[in-house]
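Engineer: Hey, dropping input-v2.pdb in here, PDB, C-alpha atoms:
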```
ATOM      1  CA  MET A   1     -41.553  34.012  41.767
ATOM      2  CA  SER A   2     -38.639  31.588  41.086
ATOM      3  CA  ILE A   3     -35.996  32.835  38.615
ATOM      4  CA  ALA A   4     -36.006  29.395  36.996
ATOM      5  CA  ARG A   5     -39.356  30.251  35.327
ATOM      6  CA  PHE A   6     -37.809  33.109  33.296
ATOM      7  CA  THR A   7     -36.205  32.797  29.843
ATOM      8  CA  PRO A   8     -32.409  33.036  29.568
ATOM      9  CA  PHE A   9     -32.598  36.650  28.367
ATOM     10  CA  GLU A  10     -35.078  37.611  31.099
ATOM     11  CA  ARG A  11     -32.696  36.155  33.689
ATOM     12  CA  LEU A  12     -29.856  38.211  32.188
ATOM     13  CA  LEU A  13     -31.993  41.356  32.420
ATOM     14  CA  LEU A  14     -32.904  40.606  36.039
ATOM     15  CA  THR A  15     -29.211  40.154  36.997
ATOM     16  CA  SER A  16     -27.896  43.005  34.815
ATOM     17  CA  ARG A  17     -26.327  46.116  36.317
ATOM     18  CA  HIS A  18     -27.748  48.128  33.421
ATOM     19  CA  GLN A  19     -30.684  46.685  31.515
ATOM     20  CA  ALA A  20     -30.431  49.108  28.569
ATOM     21  CA  ASP A  21     -26.813  48.063  27.993
ATOM     22  CA  THR A  22     -27.806  44.389  28.191
ATOM     23  CA  ALA A  23     -30.598  44.950  25.639
ATOM     24  CA  ALA A  24     -28.251  46.945  23.374
ATOM     25  CA  LEU A  25     -25.636  44.180  23.627
ATOM     26  CA  LEU A  26     -28.151  41.528  22.519
ATOM     27  CA  LEU A  27     -29.217  43.647  19.523
ATOM     28  CA  LEU A  28     -25.601  44.278  18.584
ATOM     29  CA  GLY A  29     -24.992  40.519  18.820
ATOM     30  CA  TRP A  30     -27.995  40.055  16.526
ATOM     31  CA  VAL A  31     -26.327  42.369  13.985
ATOM     32  CA  LEU A  32     -23.042  40.466  14.348
ATOM     33  CA  VAL A  33     -24.513  36.982  13.737
ATOM     34  CA  ASN A  34     -26.501  38.260  10.722
ATOM     35  CA  GLN A  35     -23.285  39.568   9.151
ATOM     36  CA  GLY A  36     -21.701  36.102   8.946
ATOM     37  CA  PRO A  37     -19.872  33.451  10.989
ATOM     38  CA  VAL A  38     -18.773  34.712  14.402
ATOM     39  CA  GLY A  39     -15.190  33.891  15.289
ATOM     40  CA  GLU A  40     -12.677  35.172  17.794
ATOM     41  CA  THR A  41     -12.011  38.293  15.691
ATOM     42  CA  GLN A  42     -15.703  39.219  15.589
ATOM     43  CA  ARG A  43     -16.107  38.579  19.336
ATOM     44  CA  ALA A  44     -13.074  40.731  20.091
ATOM     45  CA  ARG A  45     -14.486  43.595  17.946
ATOM     46  CA  LEU A  46     -17.850  43.435  19.708
ATOM     47  CA  ALA A  47     -16.095  43.429  23.102
ATOM     48  CA  SER A  48     -14.012  46.425  22.021
ATOM     49  CA  LEU A  49     -17.008  48.435  20.820
ATOM     50  CA  THR A  50     -18.953  47.712  24.021
ATOM     51  CA  ARG A  51     -16.122  48.051  26.516
ATOM     52  CA  ASP A  52     -17.908  50.999  28.216
ATOM     53  CA  PHE A  53     -21.181  49.070  28.685
ATOM     54  CA  ARG A  54     -22.216  48.485  32.308
ATOM     55  CA  HIS A  55     -24.136  45.196  32.021
ATOM     56  CA  GLY A  56     -21.730  43.182  34.190
ATOM     57  CA  HIS A  57     -21.936  39.735  32.498
ATOM     58  CA  ALA A  58     -20.216  37.768  29.745
ATOM     59  CA  LEU A  59     -20.867  38.212  26.016
ATOM     60  CA  GLU A  60     -21.237  34.530  25.216
ATOM     61  CA  PRO A  61     -24.770  33.946  26.614
ATOM     62  CA  LEU A  62     -26.103  36.927  24.649
ATOM     63  CA  LEU A  63     -24.367  35.758  21.444
ATOM     64  CA  GLU A  64     -25.953  32.316  21.875
ATOM     65  CA  ILE A  65     -29.412  33.902  22.170
ATOM     66  CA  ALA A  66     -28.763  36.088  19.110
ATOM     67  CA  ALA A  67     -27.432  33.126  17.075
ATOM     68  CA  ALA A  68     -30.595  31.180  17.917
ATOM     69  CA  GLN A  69     -32.653  34.043  16.402
ATOM     70  CA  ASP A  70     -34.790  34.127  19.552
ATOM     71  CA  LEU A  71     -37.356  36.685  18.313
ATOM     72  CA  ASP A  72     -39.052  36.947  21.721
ATOM     73  CA  ALA A  73     -35.758  37.930  23.323
ATOM     74  CA  ILE A  74     -34.976  40.347  20.445
ATOM     75  CA  GLN A  75     -38.407  41.970  20.755
ATOM     76  CA  LEU A  76     -37.960  42.340  24.531
ATOM     77  CA  ALA A  77     -34.487  43.846  24.025
ATOM     78  CA  ALA A  78     -35.918  46.289  21.451
ATOM     79  CA  GLU A  79     -38.642  47.362  23.893
ATOM     80  CA  VAL A  80     -36.099  47.869  26.707
ATOM     81  CA  LEU A  81     -33.752  49.822  24.452
ATOM     82  CA  GLN A  82     -36.623  51.952  23.114
ATOM     83  CA  ARG A  83     -37.779  52.716  26.640
ATOM     84  CA  GLU A  84     -34.402  53.267  28.326
ATOM     85  CA  ALA A  85     -32.218  54.769  25.572
ATOM     86  CA  ARG A  86     -31.593  58.506  25.512
ATOM     87  CA  GLY A  87     -30.945  59.159  21.816
ATOM     88  CA  GLY A  88     -30.301  56.384  19.323
ATOM     89  CA  TYR A  89     -27.325  57.735  17.410
ATOM     90  CA  PRO A  90     -24.540  56.269  19.588
ATOM     91  CA  PHE A  91     -26.128  52.812  19.459
ATOM     92  CA  LEU A  92     -26.736  53.012  15.695
ATOM     93  CA  ARG A  93     -23.102  54.003  15.138
ATOM     94  CA  LEU A  94     -22.044  50.800  16.940
ATOM     95  CA  ALA A  95     -24.484  48.703  14.883
ATOM     96  CA  ILE A  96     -23.267  50.271  11.614
ATOM     97  CA  ALA A  97     -19.623  49.675  12.630
ATOM     98  CA  LEU A  98     -20.353  46.000  13.201
ATOM     99  CA  ALA A  99     -22.374  45.570   9.988
ATOM    100  CA  ALA A 100     -20.299  47.709   7.603
ATOM    101  CA  GLY A 101     -16.911  48.041   9.249
ATOM    102  CA  HIS A 102     -15.211  45.731   6.712
ATOM    103  CA  GLY A 103     -17.505  45.871   3.700
ATOM    104  CA  GLU A 104     -21.092  46.015   2.626
ATOM    105  CA  PRO A 105     -23.729  44.905   5.176
ATOM    106  CA  SER A 106     -25.300  41.537   4.549
ATOM    107  CA  PRO A 107     -28.799  41.544   2.986
ATOM    108  CA  ALA A 108     -30.253  40.643   6.391
ATOM    109  CA  ASN A 109     -28.405  43.495   8.133
ATOM    110  CA  HIS A 110     -29.712  46.042   5.599
ATOM    111  CA  HIS A 111     -33.135  45.319   7.048
ATOM    112  CA  VAL A 112     -31.923  44.927  10.652
ATOM    113  CA  LEU A 113     -30.247  48.354  10.599
ATOM    114  CA  ARG A 114     -33.343  50.018   9.174
ATOM    115  CA  PHE A 115     -35.474  48.261  11.795
ATOM    116  CA  LEU A 116     -33.216  49.534  14.598
ATOM    117  CA  ALA A 117     -33.248  53.069  13.169
ATOM    118  CA  ASP A 118     -37.036  53.033  12.996
ATOM    119  CA  LEU A 119     -37.173  51.582  16.519
ATOM    120  CA  LEU A 120     -35.146  54.501  17.877
ATOM    121  CA  GLY A 121     -37.082  57.101  15.892
ATOM    122  CA  VAL A 122     -34.324  58.050  13.451
ATOM    123  CA  PRO A 123     -35.794  59.133  10.074
ATOM    124  CA  PRO A 124     -34.547  57.328   6.949
ATOM    125  CA  GLN A 125     -32.742  60.405   5.585
ATOM    126  CA  GLU A 126     -30.887  60.948   8.856
ATOM    127  CA  PHE A 127     -30.057  57.237   9.113
ATOM    128  CA  ALA A 128     -28.632  57.283   5.566
ATOM    129  CA  ALA A 129     -26.430  60.241   6.472
ATOM    130  CA  LEU A 130     -25.356  58.560   9.714
ATOM    131  CA  PHE A 131     -24.526  55.361   7.803
ATOM    132  CA  GLU A 132     -22.371  57.181   5.256
ATOM    133  CA  ALA A 133     -20.591  59.175   7.964
ATOM    134  CA  THR A 134     -19.857  56.031   9.974
ATOM    135  CA  SER A 135     -18.955  53.560   7.181
ATOM    136  CA  GLN A 136     -17.542  56.005   4.598
ATOM    137  CA  ARG A 137     -19.876  54.593   1.940
ATOM    138  CA  PRO A 138     -23.412  55.476   0.855
ATOM    139  CA  LEU A 139     -26.341  53.429   2.104
ATOM    140  CA  LYS A 140     -27.688  51.245  -0.680
ATOM    141  CA  GLU A 141     -31.248  50.140  -1.027
ATOM    142  CA  PRO A 142     -31.680  46.552   0.130
ATOM    143  CA  ASP A 143     -32.627  43.925  -2.380
ATOM    144  CA  ASP A 144     -36.340  43.302  -2.724
ATOM    145  CA  PRO A 145     -37.100  39.572  -2.516
ATOM    146  CA  SER A 146     -40.395  40.160  -4.327
ATOM    147  CA  ARG A 147     -38.565  41.217  -7.511
ATOM    148  CA  HIS A 148     -37.337  38.780 -10.153
ATOM    149  CA  ALA A 149     -33.961  40.547 -10.292
ATOM    150  CA  TYR A 150     -33.398  39.583  -6.635
ATOM    151  CA  TRP A 151     -33.648  35.874  -7.354
ATOM    152  CA  GLN A 152     -32.161  35.712 -10.857
ATOM    153  CA  PRO A 153     -28.471  35.881  -9.769
ATOM    154  CA  ARG A 154     -29.182  33.381  -7.027
ATOM    155  CA  PHE A 155     -30.808  31.017  -9.481
ATOM    156  CA  GLU A 156     -27.843  31.404 -11.830
ATOM    157  CA  GLU A 157     -25.381  30.826  -8.992
ATOM    158  CA  ARG A 158     -27.316  27.788  -7.859
ATOM    159  CA  ALA A 159     -27.342  26.493 -11.450
ATOM    160  CA  ARG A 160     -23.575  27.036 -11.679
ATOM    161  CA  GLN A 161     -23.075  25.235  -8.403
ATOM    162  CA  GLU A 162     -25.295  22.377  -9.546
ATOM    163  CA  GLU A 163     -23.422  22.127 -12.847
ATOM    164  CA  ALA A 164     -20.102  22.202 -10.997
ATOM    165  CA  ARG A 165     -21.406  19.478  -8.676
ATOM    166  CA  ARG A 166     -22.520  17.332 -11.638
ATOM    167  CA  GLN A 167     -19.164  17.825 -13.348
ATOM    168  CA  ALA A 168     -17.336  16.935 -10.148
ATOM    169  CA  GLU A 169     -19.474  13.819  -9.751
ATOM    170  CA  ALA A 170     -18.905  12.897 -13.408
ATOM    171  CA  GLN A 171     -15.151  13.369 -12.968
ATOM    172  CA  ALA A 172     -15.251  11.328  -9.769
ATOM    173  CA  ARG A 173     -17.178   8.553 -11.553
ATOM    174  CA  ALA A 174     -14.756   8.659 -14.490
ATOM    175  CA  SER A 175     -11.806   8.562 -12.121
ATOM    176  CA  GLU A 176     -13.343   5.671 -10.198
ATOM    177  CA  GLU A 177     -14.099   3.808 -13.435
ATOM    178  CA  LYS A 178     -10.524   4.435 -14.623
ATOM    179  CA  LYS A 179      -9.241   3.156 -11.294
ATOM    180  CA  ARG A 180     -11.433   0.041 -11.545
ATOM    181  CA  ASP A 181     -10.256  -0.532 -15.134
ATOM    182  CA  ALA A 182      -6.639  -0.229 -14.025
ATOM    183  CA  GLU A 183      -7.247  -2.644 -11.147
ATOM    184  CA  ARG A 184      -9.046  -5.029 -13.509
ATOM    185  CA  ARG A 185      -6.137  -4.876 -15.984
ATOM    186  CA  GLN A 186      -3.710  -5.499 -13.141
ATOM    187  CA  ARG A 187      -5.729  -8.527 -12.017
ATOM    188  CA  ASP A 188      -5.920  -9.843 -15.587
ATOM    189  CA  GLU A 189      -2.193  -9.304 -16.072
ATOM    190  CA  ALA A 190      -1.428 -11.011 -12.775
ATOM    191  CA  LYS A 191      -3.695 -13.927 -13.749
ATOM    192  CA  ARG A 192      -2.041 -14.186 -17.178
ATOM    193  CA  LYS A 193       1.386 -14.104 -15.538
ATOM    194  CA  ARG A 194       0.354 -16.841 -13.096
ATOM    195  CA  ASN A 195      -0.954 -18.941 -15.982
ATOM    196  CA  GLU A 196       2.266 -18.436 -17.934
ATOM    197  CA  ASP A 197       4.347 -19.318 -14.892
ATOM    198  CA  GLY A 198       2.181 -22.376 -14.325
ATOM    199  CA  GLU A 199       2.636 -23.442 -17.938
ATOM    200  CA  LYS A 200       6.390 -22.949 -17.656
ATOM    201  CA  ARG A 201       6.528 -24.971 -14.448
ATOM    202  CA  ARG A 202       4.456 -27.742 -15.986
ATOM    203  CA  GLY A 203       6.682 -27.649 -19.080
ATOM    204  CA  HIS A 204       9.817 -27.889 -16.932
ATOM    205  CA  GLN A 205       8.315 -30.692 -14.898
ATOM    206  CA  GLU A 206       7.330 -32.564 -18.055
ATOM    207  CA  GLU A 207      10.824 -32.064 -19.507
ATOM    208  CA  ARG A 208      12.407 -33.336 -16.278
ATOM    209  CA  ARG A 209      10.042 -36.322 -16.346
ATOM    210  CA  ARG A 210      11.003 -37.093 -19.948
ATOM    211  CA  GLN A 211      14.710 -36.752 -19.126
ATOM    212  CA  GLU A 212      14.322 -39.028 -16.142
ATOM    213  CA  GLN A 213      12.409 -41.523 -18.274
ATOM    214  CA  ARG A 214      15.145 -41.417 -20.937
ATOM    215  CA  ARG A 215      17.786 -41.892 -18.243
ATOM    216  CA  GLN A 216      15.924 -44.870 -16.826
ATOM    217  CA  ASP A 217      15.441 -46.310 -20.333
ATOM    218  CA  ASP A 218      19.142 -45.838 -21.105
ATOM    219  CA  GLU A 219      20.093 -47.425 -17.780
ATOM    220  CA  ALA A 220      17.756 -50.359 -18.416
ATOM    221  CA  ARG A 221      19.146 -50.780 -21.940
ATOM    222  CA  ARG A 222      22.727 -50.594 -20.630
ATOM    223  CA  ARG A 223      22.000 -53.221 -18.000
ATOM    224  CA  ARG A 224      20.244 -55.400 -20.551
ATOM    225  CA  GLU A 225      23.199 -55.101 -22.955
ATOM    226  CA  GLU A 226      25.651 -55.787 -20.127
ATOM    227  CA  ARG A 227      23.627 -58.801 -19.080
ATOM    228  CA  GLU A 228      23.478 -60.058 -22.681
ATOM    229  CA  ARG A 229      27.238 -59.459 -23.073
ATOM    230  CA  ARG A 230      28.046 -61.401 -19.944
ATOM    231  CA  GLN A 231      25.659 -64.127 -20.955
ATOM    232  CA  GLY A 232      27.316 -64.268 -24.385
ATOM    233  CA  GLU A 233      30.787 -64.422 -22.831
ATOM    234  CA  GLN A 234      29.676 -67.136 -20.486
ATOM    235  CA  GLU A 235      28.214 -69.117 -23.357
ATOM    236  CA  TRP A 236      31.428 -68.564 -25.377
ATOM    237  CA  ARG A 237      33.577 -69.797 -22.499
ATOM    238  CA  GLN A 238      31.377 -72.837 -22.117
ATOM    239  CA  HIS A 239      31.992 -73.754 -25.759
ATOM    240  CA  GLN A 240      35.805 -73.056 -25.619
ATOM    241  CA  PRO A 241      38.247 -75.905 -24.907
ATOM    242  CA  PRO A 242      40.049 -75.667 -21.570
ATOM    243  CA  PRO A 243      43.224 -73.640 -21.778
ATOM    244  CA  GLY A 244      46.531 -75.493 -22.118
ATOM    245  CA  ARG A 245      49.624 -75.172 -19.919
ATOM    246  CA  GLN A 246      51.104 -72.387 -22.077
ATOM    247  CA  SER A 247      47.916 -70.293 -21.758
ATOM    248  CA  ARG A 248      47.885 -70.792 -17.977
ATOM    249  CA  ALA A 249      51.541 -69.722 -17.789
ATOM    250  CA  LEU A 250      50.776 -66.588 -19.807
ATOM    251  CA  GLN A 251      47.848 -65.806 -17.495
ATOM    252  CA  VAL A 252      50.172 -66.060 -14.465
ATOM    253  CA  LEU A 253      52.380 -63.368 -16.050
ATOM    254  CA  GLY A 254      49.320 -61.306 -17.024
ATOM    255  CA  LEU A 255      49.817 -61.861 -20.744
ATOM    256  CA  SER A 256      47.542 -63.032 -23.514
ATOM    257  CA  ASP A 257      48.118 -65.743 -26.089
ATOM    258  CA  GLY A 258      50.709 -64.874 -28.697
ATOM    259  CA  ALA A 259      53.007 -62.834 -26.408
ATOM    260  CA  SER A 260      56.609 -62.565 -27.566
ATOM    261  CA  ARG A 261      59.716 -63.600 -25.643
ATOM    262  CA  GLN A 262      60.567 -59.929 -25.036
ATOM    263  CA  GLU A 263      57.105 -59.284 -23.555
ATOM    264  CA  ILE A 264      57.516 -62.416 -21.390
ATOM    265  CA  ARG A 265      60.902 -61.152 -20.037
ATOM    266  CA  ARG A 266      59.501 -57.689 -19.235
ATOM    267  CA  ALA A 267      56.454 -59.165 -17.479
ATOM    268  CA  TYR A 268      58.637 -61.583 -15.490
ATOM    269  CA  ARG A 269      61.068 -58.864 -14.332
ATOM    270  CA  ARG A 270      58.180 -56.629 -13.257
ATOM    271  CA  LEU A 271      56.315 -59.371 -11.379
ATOM    272  CA  ALA A 272      59.445 -60.887  -9.852
ATOM    273  CA  GLN A 273      60.471 -57.525  -8.480
ATOM    274  CA  ALA A 274      56.957 -56.844  -7.124
ATOM    275  CA  HIS A 275      56.482 -60.310  -5.497
ATOM    276  CA  HIS A 276      60.024 -61.229  -4.347
ATOM    277  CA  PRO A 277      59.819 -62.665  -0.798
ATOM    278  CA  ASP A 278      62.539 -60.354   0.485
ATOM    279  CA  ARG A 279      60.176 -57.409   0.038
ATOM    280  CA  PHE A 280      57.833 -58.882   2.674
ATOM    281  CA  HIS A 281      60.420 -59.799   5.323
ATOM    282  CA  ALA A 282      59.014 -57.303   7.792
ATOM    283  CA  GLU A 283      55.414 -58.496   7.254
ATOM    284  CA  GLY A 284      55.819 -61.770   9.078
ATOM    285  CA  GLU A 285      56.322 -65.397   8.173
ATOM    286  CA  ALA A 286      52.796 -65.968   6.838
ATOM    287  CA  VAL A 287      53.032 -63.068   4.407
ATOM    288  CA  MET A 288      56.544 -64.142   3.367
ATOM    289  CA  ALA A 289      55.329 -67.700   2.731
ATOM    290  CA  SER A 290      52.464 -66.457   0.562
ATOM    291  CA  ALA A 291      54.795 -64.153  -1.365
ATOM    292  CA  SER A 292      57.274 -67.066  -1.823
ATOM    293  CA  ARG A 293      54.526 -69.250  -3.334
ATOM    294  CA  ARG A 294      53.503 -66.472  -5.731
ATOM    295  CA  PHE A 295      57.125 -65.931  -6.713
ATOM    296  CA  GLN A 296      57.643 -69.666  -7.379
ATOM    297  CA  ARG A 297      54.564 -69.727  -9.636
ATOM    298  CA  ILE A 298      55.877 -66.702 -11.557
ATOM    299  CA  LYS A 299      59.364 -68.277 -11.867
ATOM    300  CA  GLN A 300      57.961 -71.621 -13.041
ATOM    301  CA  ALA A 301      55.687 -69.949 -15.606
ATOM    302  CA  TYR A 302      58.617 -67.894 -16.909
ATOM    303  CA  ASP A 303      60.933 -70.878 -17.199
ATOM    304  CA  PHE A 304      58.272 -72.903 -18.998
ATOM    305  CA  LEU A 305      57.479 -70.129 -21.478
ATOM    306  CA  MET A 306      61.136 -69.428 -22.223
ATOM    307  CA  ARG A 307      61.485 -73.103 -23.209
ATOM    308  CA  GLU A 308      58.269 -73.244 -25.252
ATOM    309  CA  VAL A 309      58.184 -69.840 -26.968
ATOM    310  CA  SER A 310      60.602 -69.373 -29.809
TER     311      SER A 310
END
```
When written as structure tokens, how does the structure in this file appear?
Structural biologist:
Amino acid sequence: MSIARFTPFERLLLTSRHQADTAALLLLGWVLVNQGPVGETQRARLASLTRDFRHGHALEPLLEIAAAQDLDAIQLAAEVLQREARGGYPFLRLAIALAAGHGEPSPANHHVLRFLADLLGVPPQEFAALFEATSQRPLKEPDDPSRHAYWQPRFEERARQEEARRQAEAQARASEEKKRDAERRQRDEAKRKRNEDGEKRRGHQEERRRQEQRRQDDEARRRREERERRQGEQEWRQHQPPPGRQSRALQVLGLSDGASRQEIRRAYRRLAQAHHPDRFHAEGEAVMASASRRFQRIKQAYDFLMREVS
């Protein structure tokens, strides 16, 4: 018959060097997984307690079968151990050490240990004594699931957990609502700030527009006034009689009507010095000729005014 048709535990038994040790190891693994989560510390303790076993294979496959609660494999292991074991006390000591080595056995292991003791033919009184001698604590009666007292603490614990869950959810909702309110306030504040900034920008733009409009109006008014002034001057000149020789002479010297003899002398000296031909000797003949004509006009205007002005 092919070995592939056997279950994993049956294949382990067929390849084991000592089937009773293999069966005992599976049952001890069953005790270990019923006590709680199995980590490296628990594996190392099981390996230490079974270091003298002669099965010849790894612990991990047996722990996987035990963790799966494979009742067929557990029943087969119990039958092998019952048939092959010579006295159950050494095995029960190992099981008690695993279940109660660091505290009270789990509710499941209270029943598992009693099952193993009954399997190996150890009376309850002797098992209780063996338990106390091995664990240094008395064997307590396991909880009875058929009694109300068994479930009452569990119901209360579940109610506490449910209340704690509801409170946590309420706090989470309150925190989320507070966060949303804060985000909403931030958005509203940001929107208000944008609106205020927009209003300020529009106000500044409107003020700049008004200033520019006033500037343009002032410039237009200034140009209009300048145009009207020039037009008025032009009209005034058109209605004035042509200037006489004395006025023209005064204009040559840069003076206005009514200038005194002293003002005429000062103007002549200044202009004669500025336009004397000798000052332009180095500029060439054309420049000297132009300067000479200007000087003659200045001299003639001066001579005429000195004769006419008293």
Engineer: Considering all atoms listed in the file, can you say which of A:Arg5, A:Arg307, A:Arg54, A:His102 comes closest to Gln42 in chain A?
Structural biologist: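 When distances to Gln42 in chain A are compared using all atoms listed in the file, the smallest one comes from A:His102.
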Engineer: Starting from the shown file, work through the PyMOL selection byres ((chain A and resi 99) around 9) and note down what comes out as a PyMOL selection string.
Structural biologist: chain A and resi 31-32+34-35+94-98+100-106+109-110+113
Engineer: From the set A:Pro277, A:Leu26, A:Leu92, A:Arg45, which residue has the shortest atom-to-atom contact distance to Leu62 in chain A, counting all atoms listed in the file?
Structural biologist: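 Closest candidate: A:Leu26.
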Engineer: Which neighbours of range 22-24 of chain A fall inside 7 Å, counting only C-alpha atoms, when residues of the same chain fewer than 4 positions from it are skipped, and could you give them as a ChimeraX atom specification?
Structural biologist: /A:13,16,18,28,55,77-78,80-81
Engineer: I'd like to know which of A:Arg160, A:Arg194, A:His57, A:Arg93 is closest to Ser135 in chain A, using only C-alpha atoms.
Structural biologist: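 With only C-alpha atoms as the atom set, the closest residue is A:Arg93.
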Engineer: Hey, what comes out of the PyMOL selection byres ((chain A and resi 117) around 12) on this file? Could you write it as a PyMOL selection string?
Structural biologist: chain A and resi 78+81-82+87-93+95-96+109-116+118-131
Engineer: How about saving the chosen residues, C-alpha atoms kept, as a short mmCIF file (atom, residue, chain, number, x, y, z; two decimals), keeping the file's coordinate frame?
Structural biologist:
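The resulting file, again_30.cif, is reproduced below:
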```cif
data_model
loop_
_atom_site.label_atom_id
_atom_site.label_comp_id
_atom_site.auth_asym_id
_atom_site.auth_seq_id
_atom_site.Cartn_x
_atom_site.Cartn_y
_atom_site.Cartn_z
CA ALA A 78 -35.92 46.29 21.45
CA LEU A 81 -33.75 49.82 24.45
CA GLN A 82 -36.62 51.95 23.11
CA GLY A 87 -30.94 59.16 21.82
CA GLY A 88 -30.30 56.38 19.32
CA TYR A 89 -27.32 57.74 17.41
CA PRO A 90 -24.54 56.27 19.59
CA PHE A 91 -26.13 52.81 19.46
CA LEU A 92 -26.74 53.01 15.70
CA ARG A 93 -23.10 54.00 15.14
CA ALA A 95 -24.48 48.70 14.88
CA ILE A 96 -23.27 50.27 11.61
CA ASN A 109 -28.40 43.50 8.13
CA HIS A 110 -29.71 46.04 5.60
CA HIS A 111 -33.14 45.32 7.05
CA VAL A 112 -31.92 44.93 10.65
CA LEU A 113 -30.25 48.35 10.60
CA ARG A 114 -33.34 50.02 9.17
CA PHE A 115 -35.47 48.26 11.80
CA LEU A 116 -33.22 49.53 14.60
CA ASP A 118 -37.04 53.03 13.00
CA LEU A 119 -37.17 51.58 16.52
CA LEU A 120 -35.15 54.50 17.88
CA GLY A 121 -37.08 57.10 15.89
CA VAL A 122 -34.32 58.05 13.45
CA PRO A 123 -35.79 59.13 10.07
CA PRO A 124 -34.55 57.33 6.95
CA GLN A 125 -32.74 60.40 5.58
CA GLU A 126 -30.89 60.95 8.86
CA PHE A 127 -30.06 57.24 9.11
CA ALA A 128 -28.63 57.28 5.57
CA ALA A 129 -26.43 60.24 6.47
CA LEU A 130 -25.36 58.56 9.71
CA PHE A 131 -24.53 55.36 7.80
#
```
Engineer: Between CA of Gln231 in chain A and CA of Leu255 in chain A, what is the distance, to one decimal in Å?
Structural biologist: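 Straight-line distance from CA of Gln231 in chain A to CA of Leu255 in chain A works out to 24.3 Å.
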Engineer: Quick check, in Å to one decimal: how far apart do CA of Gln75 in chain A and CA of Leu59 in chain A lie?
Structural biologist: 18.7 Å
Engineer: When distances are computed from all atoms listed in the file, which of A:Asp218, A:Ala272, A:Val309, A:Ser290 shows the smallest separation from Asp257 in chain A?
Structural biologist: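 Using all atoms listed in the file, Asp257 in chain A sits closest to A:Val309.
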Engineer: Which residue is closest to Ala67 in chain A? Choose from A:Ala159, A:Arg51, A:Val38, A:Ala282 and count only C-alpha atoms.
Structural biologist: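 The shortest atom-to-atom distance to Ala67 in chain A comes from A:Val38.
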Engineer: What lies within 9 Å of Gly254 in chain A using all atoms listed in the file, ignoring chain neighbours under 4 positions off, as a list in words?
Structural biologist: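 Counting all atoms listed in the file, the residues come to Ala249, Leu250 and Ala267 of chain A.
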Engineer: Apply the PyMOL selection byres ((chain A and resi 66) around 8) to the file shown and report the selected residues as an MDAnalysis selection string.
Structural biologist: chainID A and resid 26:27 29:30 33 62:65 67:70 74
Engineer: With C-alpha atoms retained, write the just-selected residues as a compact mmCIF listing (two decimals), in the coordinates of the input.
Structural biologist:
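Saved the output as again16.txt:
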```txt
# COMPACT_ATOMS: atom_id res chain seq x y z
CA LEU A 26 -28.15 41.53 22.52
CA LEU A 27 -29.22 43.65 19.52
CA GLY A 29 -24.99 40.52 18.82
CA TRP A 30 -28.00 40.06 16.53
CA VAL A 33 -24.51 36.98 13.74
CA LEU A 62 -26.10 36.93 24.65
CA LEU A 63 -24.37 35.76 21.44
CA GLU A 64 -25.95 32.32 21.88
CA ILE A 65 -29.41 33.90 22.17
CA ALA A 67 -27.43 33.13 17.08
CA ALA A 68 -30.60 31.18 17.92
CA GLN A 69 -32.65 34.04 16.40
CA ASP A 70 -34.79 34.13 19.55
CA ILE A 74 -34.98 40.35 20.44
```
Engineer: Quick one: distance from CA of Gly258 in chain A to CA of His276 in chain A in Å, one decimal?
Structural biologist: 26.3 Å
Engineer: Do you know which residues are at most 9 Å from Pro61 in chain A counting all atoms listed in the file, after dropping those on the same chain fewer than 6 positions away, and could you put them as a PDB file with C-alpha atoms, in the frame of the given file?
Structural biologist:
```pdb
ATOM      1  CA  PRO A   8     -32.409  33.036  29.568  1.00  0.00           C
ATOM      2  CA  PHE A   9     -32.598  36.650  28.367  1.00  0.00           C
ATOM      3  CA  LEU A  12     -29.856  38.211  32.188  1.00  0.00           C
TER       4      LEU A  12
END
```
Engineer: Might you pull out every residue within 9 Å of Phe53 in chain A, with only C-alpha atoms counted and same-chain residues fewer than 3 positions away left off, and present them as a list in words?
Structural biologist: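 Surrounding residues, per the criterion: His18, Asp21, Thr22, Leu25, Leu49, Thr50 and Gly56 of chain A.
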Engineer: Please list, as a ChimeraX atom specification, the residues that have an atom at most 12 Å away from (57.4, -67.9, -6.9) in the coordinates of this file, counting all atoms listed in the file.
Structural biologist: /A:252-253,268,271-278,288-303
